[in-house]
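**Student:** Please see the structure below; I have some questions.
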Amino acid sequence: MEPGLYNYWVAIVLMMIGLYTVIARSNLIKKLIGLSIFQVSVFYLYISMGKVTGGTAPILGEGILIYSNPIPHVLILTAIVVGIATSALGLAIVVRIQEAYHTVEEDEILEQDRAL
Amino acid sequence: MIDAHLPVLQIVVPLMAAPICVLLRRKTMTWAFAMLVTLFSFGIATQLLSKVLSDGVVSYALGGWAAPIGIEYRVDVVNAFVLLLVTIIGSVVLFYAPPSVANEISGERHYLFYASYLLCLTGLLGITITGDAFNVFVFLEISSLSSYTLIAMGRDRRALLASYQYLILGAIGATFIVIAIGLMYMMTGTLNMADLADRLPAMFETRTAMVAFAFLTVGVLIKLALFPLHMWLPNAYCYAPSVVTAFLASTATKVLIYVFLRFTFTIWGAEFVFETLNLDAFLIPLALIGIYVASIAAIYQTNVKRLLAYSSVAQIGYMMLGIGFVSVTGLTGGIVHMFNHAMMKGALFLAVGCVVLRVGSAELADWKGLGRRMPVTMAAFVLAGLGLIGVPLTAGFISKWYLILAALEKGWWPVAMLALISSLLAVMYVWRVVEVAYFQKPDEDVEIKEAPLQMQISMWILTLATLYFGVSTDLTVGVAKQAAEWLLGVTP
Amino acid sequence: MKHQSIPRVMSKIFIPLIMLFALYVQFHGDFGPGGGFQAGVIFAAAVVLYALIFGLDEAQQVVRPAAIEVLVALGVLIYAGTGVVSLFLGGEFLNYNVFDAHHPAHGQHLGILFVELGVGITVAAVMMSIFFSFAGRGHK
């Protein structure tokens with residue numbers, strides 16, 4: 001395990017934790033949390049690969065010669081907003097599900113649907 | 001001045017119309033405004049198609065920043081065709097909408113419905129028209145988020161869980177696409193599609209390229225609902241409002257198939273994908289299994305919307321089968337089936353919406369004797385159903401013809417036979433509905449009126465389109481063939 | 001929570017400062033981390049803090065939900081409108097250079113300012129709207 005690649009390892013570990021949570025948990029809110037962790041791992045992957053050795057933050061300043069790549073930062077700003085919109089929408093749907101079914105556990109909801 | 005800015009107007013007009021719909025709260029005014037906007041978008045799409053057919057590729061640099069540094073909107077034959085398809089369906093389904101929406105969605109939310117519809121339309125058009133890889137993701141999420149909202153507006157409480165499951169799977173798919181785009185950017189330093197096509201070949205040997213392609217394929221396949229990644233589709237289509245099902249069934253998956261075509265043929269190149277990675281050996285079996293499993297599942301359904309949803313999964317299998325052949329005929333078949341299926345499925349779901357308005361349910365048991373009581377609607381249903389089966393003189397026949405021709409060109413007799421036999425399965429599930437509607441007596445003799453004229457007009461536009469494009473194929477097959485040749489880099 | 005003195009006093013001190021900081025972040029996106037989205041969220045956070053301490057009804061009297069819906073639409077229209085104005089001035093969509101024909105750099109400043117303003121308004125309104133729609137449901 002090269003020390004130079006640890007950012008990719010962190011991204012992969014977070015990605016797997018997120019995906020596992022989405023798949024394995026039956027509580028709807030936990031699934032959304034897992035989805036958020038999964039998306040954050042992708043942000044981390046992008047931003048960490050935008051770093052230029054010796055570069056500072058990509059904001060124009062006096063006397064600074066090397067900057068990190070600004071494009072990943074811009075892409076991730078957009079992706080963060082998309083992630084927030086997805087989470088907000090997901091939580092809104094969960095609130096409506098809670099009102100309609102009085103539970104947020106997926107197996108109980110499917111149980112109620114099957115009982116119809 | 002409009003002519004120079006056509007590509008960007010295609011996006012900006014519906015995009016600005018959506019918040020205006022939020023500001024104009026009244027139901028009829030919002031619908032009328034949305035109708036004007038979709039018709040205007042349809043006009044722009046036809047203009048773009050004729051421009052591309054006569055002048056070649058249309059390119060537009062957003063913000064004045066030239067590609068590859070800036071975001072570029074690039075229209076060639078393939079996307080002009082898909083733009084036309086999406087705007088046609090968008091306008092026809094919106095014209096149909098008011099009675100159905102009034103029946104299925106509570107009055108104070110109608111303006112939000114039309115705003116979400118326009119946002120979904122913007123997203124789909126944006127995915128199609130852009131020439132920048134990350135822009136595809138942004139518009140993909142715009143269309144996906146608005147479709148989750150639209151689906152969750154369904155009457156039945158199961159619409160909420162269906163929308164939630166679609167949200168989770170769709171977000172995972174979109175995030176896989178983002179990972180792929182990130183890896184591609186990491187290797188080449190550019191996000192512009194044409195530039196990626198130039199710089200990627202140098203990277204084909206690396207493991208990163210293969211991983212990027214794998215993430216991309218799986219992400220796109222989740223969103224286009226190819227078997228076995230189709231689990232979100234039946235519930236989402238079944239419980240959504242009828243207008244939403246008709247719109248999404250005819251457009252959302254087709255646009256994702258366009259994304260697949262764009263990334264596979266234009267950016268990565270057919271040699272890498274189909275010869276080095278042998279994706280066709282993976283795609284064709286999956287497509288065939290999908291066709292059979294989904295068609296058989298459709299036969300056993302008791303809810304007409306769910307039956308048609310499984311049928312959609314099967315039809316997506318046909319489209320991917322055509323693409324998997326990687327020949328001009330195969331691609332033509334796949335692309336023309338995108339158009340034809342949109343017409344047929346649109347007509348079918350609009351007919352189901354008419355029945356839901358009058359009868360109140362899409363359960364097959366409630367459709368007994370409808371052939372006598374709603375003759376016009378059921379006639380449209382039968383004609384569009386014949387299109388699904390692939391009866392000659394309907395559009396479905398044209399697509400199946402090209403698919404089987406492509407299989408025979410490659411000498412793959414078994415595949416051609418399997419594609420033919422699957423039409424029999426389509427006969428079985430269409431017959432299920434026809435049998436209940438025409439040959440069974442209704443349980444109670446309730447007075448059921450025919451659907452309102454507004455809804456019938458849209459339904460019949462799409463039904464007659466299936467018949468028209470089964471006979472006069474110049475537009476569909478001509479453009480599809482040009483698109484196929486363009487994608488494969490074959491000079492006609 | 002308005003009966004507990006420490007949160008009440010501290011929030012009265014902090015809420016204006018948070019709003020001021022949001023405005024700072026909005027306009028300093030050129031020179032440091034910031035911009036429309038961040039500013040919108042910070043501004044909404046101030047209003048959410050107010051709602052948490054002093055009650056949802058009080059907060060909805062300060063920022064009325066109908067007005068928030070209008071602001072959501074308005075912000076998007078400001079953003080897209082900037083692009084359309086640049087179309088009318090002869091450039092492509094969102095080409096900021098045409099805003100000031102003699103000094104394209106000033107045009108860029110102006111363009112970014114308006115665009116970020118639109119983003120900031122929409123994001124603040126959306127965040128507040130999300131909070132109000134979630135918080136208002138438990139009362140039924």
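Each chain of the structure tokens is named A, B, ... in the order shown, its residues numbered from 1; ligands are numbered from 1 in display order.
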Do me a favour and pick out the residues of chain B within 7 Å of chain C, using only C-alpha atoms, as a PDB file with N, CA and C atoms, in the first residue's frame.

**Tutor:**
ATOM      1  N   MET B  16     -36.475  28.594 -18.580  1.00  0.00           N
ATOM      2  CA  MET B  16     -37.037  29.807 -18.003  1.00  0.00           C
ATOM      3  C   MET B  16     -38.536  29.678 -17.806  1.00  0.00           C
ATOM      4  N   PRO B  19     -39.697  28.328 -13.899  1.00  0.00           N
ATOM      5  CA  PRO B  19     -39.999  29.247 -12.801  1.00  0.00           C
ATOM      6  C   PRO B  19     -41.148  30.193 -13.113  1.00  0.00           C
ATOM      7  N   ILE B  20     -41.350  30.519 -14.402  1.00  0.00           N
ATOM      8  CA  ILE B  20     -42.499  31.367 -14.713  1.00  0.00           C
ATOM      9  C   ILE B  20     -43.782  30.640 -14.383  1.00  0.00           C
ATOM     10  N   VAL B  22     -44.098  28.608 -11.957  1.00  0.00           N
ATOM     11  CA  VAL B  22     -44.240  28.678 -10.504  1.00  0.00           C
ATOM     12  C   VAL B  22     -44.827  30.029 -10.107  1.00  0.00           C
ATOM     13  N   LEU B  23     -44.473  31.074 -10.873  1.00  0.00           N
ATOM     14  CA  LEU B  23     -44.993  32.393 -10.533  1.00  0.00           C
ATOM     15  C   LEU B  23     -46.457  32.558 -10.925  1.00  0.00           C
ATOM     16  N   LEU B  62     -20.957  27.882 -25.412  1.00  0.00           N
ATOM     17  CA  LEU B  62     -21.677  28.581 -24.363  1.00  0.00           C
ATOM     18  C   LEU B  62     -20.773  29.622 -23.713  1.00  0.00           C
ATOM     19  N   GLY B  63     -21.284  30.831 -23.533  1.00  0.00           N
ATOM     20  CA  GLY B  63     -20.513  31.859 -22.853  1.00  0.00           C
ATOM     21  C   GLY B  63     -19.383  32.409 -23.692  1.00  0.00           C
ATOM     22  N   GLY B  64     -19.352  32.043 -24.966  1.00  0.00           N
ATOM     23  CA  GLY B  64     -18.285  32.576 -25.799  1.00  0.00           C
ATOM     24  C   GLY B  64     -16.956  31.884 -25.595  1.00  0.00           C
TER      25      GLY B  64
END

**Student:** Leaving out segment 96-110 of chain A and any residue of its chain fewer than 3 positions from it, which residues lie within 9 Å of it when counting only C-alpha atoms, given as a tab-separated table (two decimals) with C-alpha atoms, in the first residue's frame?

**Tutor:**
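The result, stored in selection.tsv:
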chain	number	residue	atom	x	y	z
A	25	ARG	CA	-30.03	-1.31	5.63
A	26	SER	CA	-33.80	-1.45	5.38
A	27	ASN	CA	-34.44	1.86	7.16
A	28	LEU	CA	-35.17	4.42	4.46
A	29	ILE	CA	-33.28	7.23	6.19
A	91	LEU	CA	-36.10	13.03	2.79
A	92	ALA	CA	-39.27	14.76	1.61
A	93	ILE	CA	-40.46	11.47	0.13
A	113	ASP	CA	-48.55	-3.27	0.74
A	114	ARG	CA	-48.71	-7.04	0.49
A	115	ALA	CA	-51.49	-7.17	3.04
B	157	ARG	CA	-49.39	5.84	-1.63
B	158	ARG	CA	-47.23	3.17	-3.28
B	160	LEU	CA	-44.02	7.28	-2.81
B	161	LEU	CA	-42.06	4.09	-2.27

**Student:** List every residue of chain B that has an atom at most 8 Å from any atom of chain A, and for each one report the closest atom pair and its distance in Å to one decimal, counting only C-alpha atoms, with rows sorted by chain and then by increasing residue number, as a Markdown table.

**Tutor:**
| residue | atom | partner | partner_atom | distance |
| --- | --- | --- | --- | --- |
| B:Phe134 | CA | A:Leu75 | CA | 7.7 |
| B:Val138 | CA | A:Thr78 | CA | 7.8 |
| B:Glu141 | CA | A:Val82 | CA | 7.0 |
| B:Leu145 | CA | A:Thr86 | CA | 6.9 |
| B:Thr149 | CA | A:Leu89 | CA | 7.7 |
| B:Ala152 | CA | A:Ile93 | CA | 7.5 |
| B:Arg157 | CA | A:Ala100 | CA | 6.6 |
| B:Arg158 | CA | A:Asp113 | CA | 7.7 |
| B:Leu160 | CA | A:Ile93 | CA | 6.2 |
| B:Leu161 | CA | A:Ile97 | CA | 7.1 |
| B:Ser163 | CA | A:Ile93 | CA | 7.8 |
| B:Tyr164 | CA | A:Gly90 | CA | 6.4 |
| B:Leu167 | CA | A:Gly90 | CA | 7.0 |
| B:Ile168 | CA | A:Leu35 | CA | 7.4 |
| B:Ala171 | CA | A:Thr86 | CA | 7.6 |
| B:Ile172 | CA | A:Leu35 | CA | 7.4 |
| B:Thr175 | CA | A:Gln39 | CA | 6.6 |
| B:Val178 | CA | A:Val42 | CA | 7.7 |
| B:Ile179 | CA | A:Val42 | CA | 6.4 |
| B:Gly182 | CA | A:Tyr46 | CA | 6.2 |
| B:Met186 | CA | A:Met49 | CA | 7.2 |

**Student:** When the cut-off is 10 Å and we count only C-alpha atoms, which residues of chain C are near chain A, given as a ChimeraX atom specification?

**Tutor:** /C:29-33,37-38,123,126-127,130-131,133-134,137-138

**Student:** Excluding segment 218-227 of chain B and any residue of its chain fewer than 2 positions from it, enumerate the residues within 6 Å of it, using only C-alpha atoms, and give them as a VMD selection string.

**Tutor:** chain B and resid 173 176 to 177 215 to 216 229 to 230 253 256 290

**Student:** The selected residues should be written to file as a compact mmCIF listing (two decimals), in the first residue's frame (atoms: all heavy atoms).

**Tutor:**
# COMPACT_ATOMS: atom_id res chain seq x y z
N GLY B 173 -26.81 5.16 -10.02
CA GLY B 173 -26.42 5.14 -11.43
C GLY B 173 -25.73 6.43 -11.84
O GLY B 173 -24.68 6.42 -12.48
N PHE B 176 -22.25 6.63 -10.43
CA PHE B 176 -21.31 5.81 -11.20
C PHE B 176 -20.86 6.57 -12.45
O PHE B 176 -19.68 6.54 -12.82
CB PHE B 176 -21.96 4.49 -11.63
CG PHE B 176 -21.96 3.42 -10.57
CD1 PHE B 176 -21.44 3.64 -9.31
CD2 PHE B 176 -22.49 2.17 -10.84
CE1 PHE B 176 -21.44 2.66 -8.34
CE2 PHE B 176 -22.49 1.17 -9.88
CZ PHE B 176 -21.97 1.43 -8.63
N ILE B 177 -21.82 7.25 -13.11
CA ILE B 177 -21.45 8.00 -14.30
C ILE B 177 -20.47 9.10 -13.94
O ILE B 177 -19.49 9.36 -14.66
CB ILE B 177 -22.72 8.57 -14.99
CG1 ILE B 177 -23.59 7.43 -15.48
CG2 ILE B 177 -22.35 9.48 -16.14
CD1 ILE B 177 -24.89 7.88 -16.10
N PHE B 215 -17.60 1.57 -15.05
CA PHE B 215 -18.50 2.39 -14.25
C PHE B 215 -19.53 3.07 -15.14
O PHE B 215 -20.71 3.14 -14.83
CB PHE B 215 -17.71 3.46 -13.48
CG PHE B 215 -17.28 3.03 -12.11
CD1 PHE B 215 -15.93 2.97 -11.78
CD2 PHE B 215 -18.21 2.70 -11.14
CE1 PHE B 215 -15.54 2.59 -10.52
CE2 PHE B 215 -17.81 2.31 -9.88
CZ PHE B 215 -16.47 2.26 -9.57
N LEU B 216 -19.04 3.60 -16.28
CA LEU B 216 -19.93 4.31 -17.19
C LEU B 216 -21.05 3.40 -17.68
O LEU B 216 -22.23 3.75 -17.63
CB LEU B 216 -19.12 4.83 -18.37
CG LEU B 216 -19.88 5.69 -19.36
CD1 LEU B 216 -20.25 6.98 -18.69
CD2 LEU B 216 -19.01 5.97 -20.55
N LEU B 229 -30.98 -4.65 -14.48
CA LEU B 229 -30.92 -3.45 -13.67
C LEU B 229 -32.20 -2.64 -13.81
O LEU B 229 -32.20 -1.43 -13.73
CB LEU B 229 -29.72 -2.60 -14.12
CG LEU B 229 -28.38 -3.32 -13.98
CD1 LEU B 229 -27.30 -2.55 -14.71
CD2 LEU B 229 -28.02 -3.43 -12.53
N HIS B 230 -33.32 -3.34 -14.06
CA HIS B 230 -34.57 -2.66 -14.41
C HIS B 230 -35.54 -2.58 -13.24
O HIS B 230 -36.68 -2.20 -13.43
CB HIS B 230 -35.26 -3.44 -15.53
CG HIS B 230 -35.70 -4.79 -15.06
ND1 HIS B 230 -34.82 -5.83 -14.84
CD2 HIS B 230 -36.91 -5.25 -14.69
CE1 HIS B 230 -35.50 -6.87 -14.39
NE2 HIS B 230 -36.77 -6.55 -14.29
N THR B 253 -35.94 6.72 -21.02
CA THR B 253 -35.02 5.64 -21.34
C THR B 253 -34.40 5.85 -22.72
O THR B 253 -33.24 5.47 -22.94
CB THR B 253 -35.75 4.30 -21.28
OG1 THR B 253 -37.04 4.46 -21.82
CG2 THR B 253 -35.87 3.82 -19.86
N LEU B 256 -31.42 8.04 -22.47
CA LEU B 256 -30.29 7.33 -21.89
C LEU B 256 -29.64 6.38 -22.90
O LEU B 256 -28.42 6.18 -22.90
CB LEU B 256 -30.73 6.54 -20.65
CG LEU B 256 -30.51 7.20 -19.33
CD1 LEU B 256 -29.04 7.45 -19.09
CD2 LEU B 256 -31.24 8.51 -19.19
N GLY B 290 -33.37 -10.28 -21.35
CA GLY B 290 -34.28 -9.24 -20.90
C GLY B 290 -35.59 -9.26 -21.66
O GLY B 290 -36.67 -9.15 -21.08

**Student:** As an exercise, work out the distance from atom CA of Ala416 of chain B to atom CA of Val434 of chain B in Å and give it to one decimal place.

**Tutor:** 27.5 Å

**Student:** List the spatial neighbours of Arg306 of chain B as a PDB file with N, CA, C and O atoms, in the first residue's frame - criterion: any atom at most 12 Å away, only C-alpha atoms, same-chain residues fewer than 4 positions off excluded.

**Tutor:**
ATOM      1  N   TRP B 232     -36.378  -0.774 -10.875  1.00  0.00           N
ATOM      2  CA  TRP B 232     -37.134   0.415 -10.472  1.00  0.00           C
ATOM      3  C   TRP B 232     -38.290   0.703 -11.413  1.00  0.00           C
ATOM      4  O   TRP B 232     -39.270   1.341 -11.037  1.00  0.00           O
ATOM      5  N   LEU B 233     -38.199   0.206 -12.666  1.00  0.00           N
ATOM      6  CA  LEU B 233     -39.118   0.666 -13.691  1.00  0.00           C
ATOM      7  C   LEU B 233     -40.579   0.237 -13.504  1.00  0.00           C
ATOM      8  O   LEU B 233     -41.465   1.081 -13.576  1.00  0.00           O
ATOM      9  N   PRO B 234     -40.886  -1.045 -13.254  1.00  0.00           N
ATOM     10  CA  PRO B 234     -42.305  -1.414 -13.163  1.00  0.00           C
ATOM     11  C   PRO B 234     -43.080  -0.631 -12.114  1.00  0.00           C
ATOM     12  O   PRO B 234     -44.144  -0.094 -12.411  1.00  0.00           O
ATOM     13  N   ASN B 235     -42.513  -0.508 -10.897  1.00  0.00           N
ATOM     14  CA  ASN B 235     -43.240   0.238  -9.872  1.00  0.00           C
ATOM     15  C   ASN B 235     -43.366   1.704 -10.222  1.00  0.00           C
ATOM     16  O   ASN B 235     -44.429   2.306 -10.045  1.00  0.00           O
ATOM     17  N   ALA B 236     -42.281   2.296 -10.726  1.00  0.00           N
ATOM     18  CA  ALA B 236     -42.318   3.731 -11.030  1.00  0.00           C
ATOM     19  C   ALA B 236     -43.365   4.023 -12.105  1.00  0.00           C
ATOM     20  O   ALA B 236     -44.153   4.956 -11.974  1.00  0.00           O
ATOM     21  N   TYR B 237     -43.405   3.206 -13.155  1.00  0.00           N
ATOM     22  CA  TYR B 237     -44.382   3.466 -14.217  1.00  0.00           C
ATOM     23  C   TYR B 237     -45.795   3.148 -13.765  1.00  0.00           C
ATOM     24  O   TYR B 237     -46.761   3.760 -14.203  1.00  0.00           O
ATOM     25  N   CYS B 238     -45.941   2.153 -12.879  1.00  0.00           N
ATOM     26  CA  CYS B 238     -47.290   1.718 -12.520  1.00  0.00           C
ATOM     27  C   CYS B 238     -47.998   2.745 -11.643  1.00  0.00           C
ATOM     28  O   CYS B 238     -49.178   3.027 -11.847  1.00  0.00           O
ATOM     29  N   TYR B 239     -47.302   3.303 -10.636  1.00  0.00           N
ATOM     30  CA  TYR B 239     -47.991   4.136  -9.669  1.00  0.00           C
ATOM     31  C   TYR B 239     -47.923   5.622  -9.966  1.00  0.00           C
ATOM     32  O   TYR B 239     -48.556   6.416  -9.291  1.00  0.00           O
ATOM     33  N   ALA B 240     -47.160   6.019 -10.971  1.00  0.00           N
ATOM     34  CA  ALA B 240     -47.083   7.437 -11.297  1.00  0.00           C
ATOM     35  C   ALA B 240     -48.391   7.885 -11.937  1.00  0.00           C
ATOM     36  O   ALA B 240     -49.146   7.064 -12.447  1.00  0.00           O
ATOM     37  N   SER B 242     -50.864   9.078 -14.821  1.00  0.00           N
ATOM     38  CA  SER B 242     -50.844   8.546 -16.193  1.00  0.00           C
ATOM     39  C   SER B 242     -50.055   9.414 -17.149  1.00  0.00           C
ATOM     40  O   SER B 242     -49.339   8.905 -18.016  1.00  0.00           O
ATOM     41  N   THR B 245     -46.365   8.759 -16.607  1.00  0.00           N
ATOM     42  CA  THR B 245     -45.928   7.477 -17.172  1.00  0.00           C
ATOM     43  C   THR B 245     -45.776   7.596 -18.674  1.00  0.00           C
ATOM     44  O   THR B 245     -44.776   7.143 -19.235  1.00  0.00           O
ATOM     45  N   ALA B 249     -42.133   7.059 -20.087  1.00  0.00           N
ATOM     46  CA  ALA B 249     -41.931   5.811 -20.829  1.00  0.00           C
ATOM     47  C   ALA B 249     -41.453   6.086 -22.235  1.00  0.00           C
ATOM     48  O   ALA B 249     -40.726   5.281 -22.816  1.00  0.00           O
ATOM     49  N   ALA B 294     -38.808 -10.190 -19.424  1.00  0.00           N
ATOM     50  CA  ALA B 294     -39.765  -9.100 -19.246  1.00  0.00           C
ATOM     51  C   ALA B 294     -41.083  -9.402 -19.956  1.00  0.00           C
ATOM     52  O   ALA B 294     -42.156  -9.123 -19.419  1.00  0.00           O
ATOM     53  N   SER B 295     -41.009  -9.986 -21.169  1.00  0.00           N
ATOM     54  CA  SER B 295     -42.261 -10.298 -21.867  1.00  0.00           C
ATOM     55  C   SER B 295     -43.062 -11.336 -21.096  1.00  0.00           C
ATOM     56  O   SER B 295     -44.281 -11.221 -20.963  1.00  0.00           O
ATOM     57  N   ALA B 297     -42.892 -11.884 -17.897  1.00  0.00           N
ATOM     58  CA  ALA B 297     -43.432 -11.237 -16.698  1.00  0.00           C
ATOM     59  C   ALA B 297     -44.654 -10.412 -17.052  1.00  0.00           C
ATOM     60  O   ALA B 297     -45.618 -10.350 -16.279  1.00  0.00           O
ATOM     61  N   ALA B 298     -44.635  -9.772 -18.237  1.00  0.00           N
ATOM     62  CA  ALA B 298     -45.779  -8.949 -18.638  1.00  0.00           C
ATOM     63  C   ALA B 298     -47.038  -9.789 -18.775  1.00  0.00           C
ATOM     64  O   ALA B 298     -48.131  -9.351 -18.438  1.00  0.00           O
ATOM     65  N   ILE B 299     -46.882 -11.018 -19.263  1.00  0.00           N
ATOM     66  CA  ILE B 299     -48.060 -11.853 -19.488  1.00  0.00           C
ATOM     67  C   ILE B 299     -48.793 -12.132 -18.187  1.00  0.00           C
ATOM     68  O   ILE B 299     -50.015 -12.257 -18.157  1.00  0.00           O
ATOM     69  N   TYR B 300     -48.028 -12.216 -17.060  1.00  0.00           N
ATOM     70  CA  TYR B 300     -48.663 -12.592 -15.804  1.00  0.00           C
ATOM     71  C   TYR B 300     -49.206 -11.430 -14.996  1.00  0.00           C
ATOM     72  O   TYR B 300     -49.672 -11.629 -13.886  1.00  0.00           O
ATOM     73  N   GLN B 301     -49.119 -10.193 -15.513  1.00  0.00           N
ATOM     74  CA  GLN B 301     -49.529  -9.059 -14.695  1.00  0.00           C
ATOM     75  C   GLN B 301     -51.032  -8.901 -14.689  1.00  0.00           C
ATOM     76  O   GLN B 301     -51.720  -9.224 -15.659  1.00  0.00           O
ATOM     77  N   THR B 302     -51.555  -8.345 -13.580  1.00  0.00           N
ATOM     78  CA  THR B 302     -52.991  -8.090 -13.500  1.00  0.00           C
ATOM     79  C   THR B 302     -53.291  -6.608 -13.604  1.00  0.00           C
ATOM     80  O   THR B 302     -54.448  -6.206 -13.587  1.00  0.00           O
ATOM     81  N   TYR B 310     -43.484  -3.684 -17.972  1.00  0.00           N
ATOM     82  CA  TYR B 310     -42.613  -4.820 -18.290  1.00  0.00           C
ATOM     83  C   TYR B 310     -42.387  -4.925 -19.786  1.00  0.00           C
ATOM     84  O   TYR B 310     -41.294  -5.275 -20.250  1.00  0.00           O
ATOM     85  N   SER B 311     -43.442  -4.593 -20.564  1.00  0.00           N
ATOM     86  CA  SER B 311     -43.267  -4.593 -22.010  1.00  0.00           C
ATOM     87  C   SER B 311     -42.199  -3.578 -22.408  1.00  0.00           C
ATOM     88  O   SER B 311     -41.400  -3.829 -23.316  1.00  0.00           O
ATOM     89  N   SER B 312     -42.157  -2.422 -21.711  1.00  0.00           N
ATOM     90  CA  SER B 312     -41.129  -1.418 -22.003  1.00  0.00           C
ATOM     91  C   SER B 312     -39.742  -1.981 -21.758  1.00  0.00           C
ATOM     92  O   SER B 312     -38.831  -1.736 -22.543  1.00  0.00           O
ATOM     93  N   VAL B 313     -39.594  -2.733 -20.658  1.00  0.00           N
ATOM     94  CA  VAL B 313     -38.277  -3.321 -20.374  1.00  0.00           C
ATOM     95  C   VAL B 313     -37.876  -4.248 -21.520  1.00  0.00           C
ATOM     96  O   VAL B 313     -36.731  -4.248 -21.971  1.00  0.00           O
ATOM     97  N   PHE B 349     -49.927   4.207 -23.239  1.00  0.00           N
ATOM     98  CA  PHE B 349     -50.097   4.770 -21.908  1.00  0.00           C
ATOM     99  C   PHE B 349     -51.131   5.889 -21.902  1.00  0.00           C
ATOM    100  O   PHE B 349     -51.829   6.094 -20.907  1.00  0.00           O
ATOM    101  N   VAL B 352     -54.376   4.146 -21.625  1.00  0.00           N
ATOM    102  CA  VAL B 352     -54.596   3.705 -20.245  1.00  0.00           C
ATOM    103  C   VAL B 352     -55.026   4.882 -19.389  1.00  0.00           C
ATOM    104  O   VAL B 352     -55.910   4.767 -18.541  1.00  0.00           O
ATOM    105  N   ALA B 362     -56.562   0.959 -13.236  1.00  0.00           N
ATOM    106  CA  ALA B 362     -55.844   0.311 -14.327  1.00  0.00           C
ATOM    107  C   ALA B 362     -55.768  -1.191 -14.111  1.00  0.00           C
ATOM    108  O   ALA B 362     -55.052  -1.885 -14.815  1.00  0.00           O
ATOM    109  N   GLU B 363     -56.491  -1.716 -13.134  1.00  0.00           N
ATOM    110  CA  GLU B 363     -56.502  -3.154 -12.894  1.00  0.00           C
ATOM    111  C   GLU B 363     -57.281  -3.842 -14.008  1.00  0.00           C
ATOM    112  O   GLU B 363     -58.357  -3.387 -14.398  1.00  0.00           O
ATOM    113  N   LEU B 364     -56.730  -4.924 -14.507  1.00  0.00           N
ATOM    114  CA  LEU B 364     -57.325  -5.612 -15.653  1.00  0.00           C
ATOM    115  C   LEU B 364     -58.767  -6.033 -15.357  1.00  0.00           C
ATOM    116  O   LEU B 364     -59.625  -6.002 -16.227  1.00  0.00           O
ATOM    117  N   TYR B 429     -49.346 -10.952 -24.398  1.00  0.00           N
ATOM    118  CA  TYR B 429     -49.747  -9.974 -23.386  1.00  0.00           C
ATOM    119  C   TYR B 429     -50.695  -8.916 -23.936  1.00  0.00           C
ATOM    120  O   TYR B 429     -51.553  -8.405 -23.201  1.00  0.00           O
TER     121      TYR B 429
END

**Student:** Select from segment 25-156 of chain B everything DSSP, run on the backbone, classes as alpha helix (DSSP H), then give the selection as number ranges by chain.

**Tutor:** B: 27-55, 77-104, 110-129, 133-152

**Student:** Find, counting only C-alpha atoms, the residue in B:Val86, B:Met338, B:Leu393, B:Val293 that gets nearest to Ala480 of chain B.

**Tutor:**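 Using only C-alpha atoms, the shortest distance to Ala480 of chain B belongs to B:Met338.
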
**Student:** Please identify all polymer residues within 12 Å of Ser423 of chain B, counting only C-alpha atoms, omitting same-chain residues fewer than 3 positions from it, and present them as a PyMOL selection string.

**Tutor:** chain B and resi 291-292+295-296+311+314-315+318+385-391+396-397+400-401+404+416-420+426-430

**Student:** For the atom pair atom CA of Ile2 of chain B and atom CA of Asp76 of chain B, what is the interatomic distance in Å to one decimal place?

**Tutor:**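 For atom CA of Ile2 of chain B relative to atom CA of Asp76 of chain B, the distance reads 18.7 Å.
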
**Student:** Could you please determine the separation between atom CA of Gly346 of chain B and atom CA of Ser250 of chain B in Å, to one decimal place?

**Tutor:**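 Distance between the two atoms: 5.7 Å.
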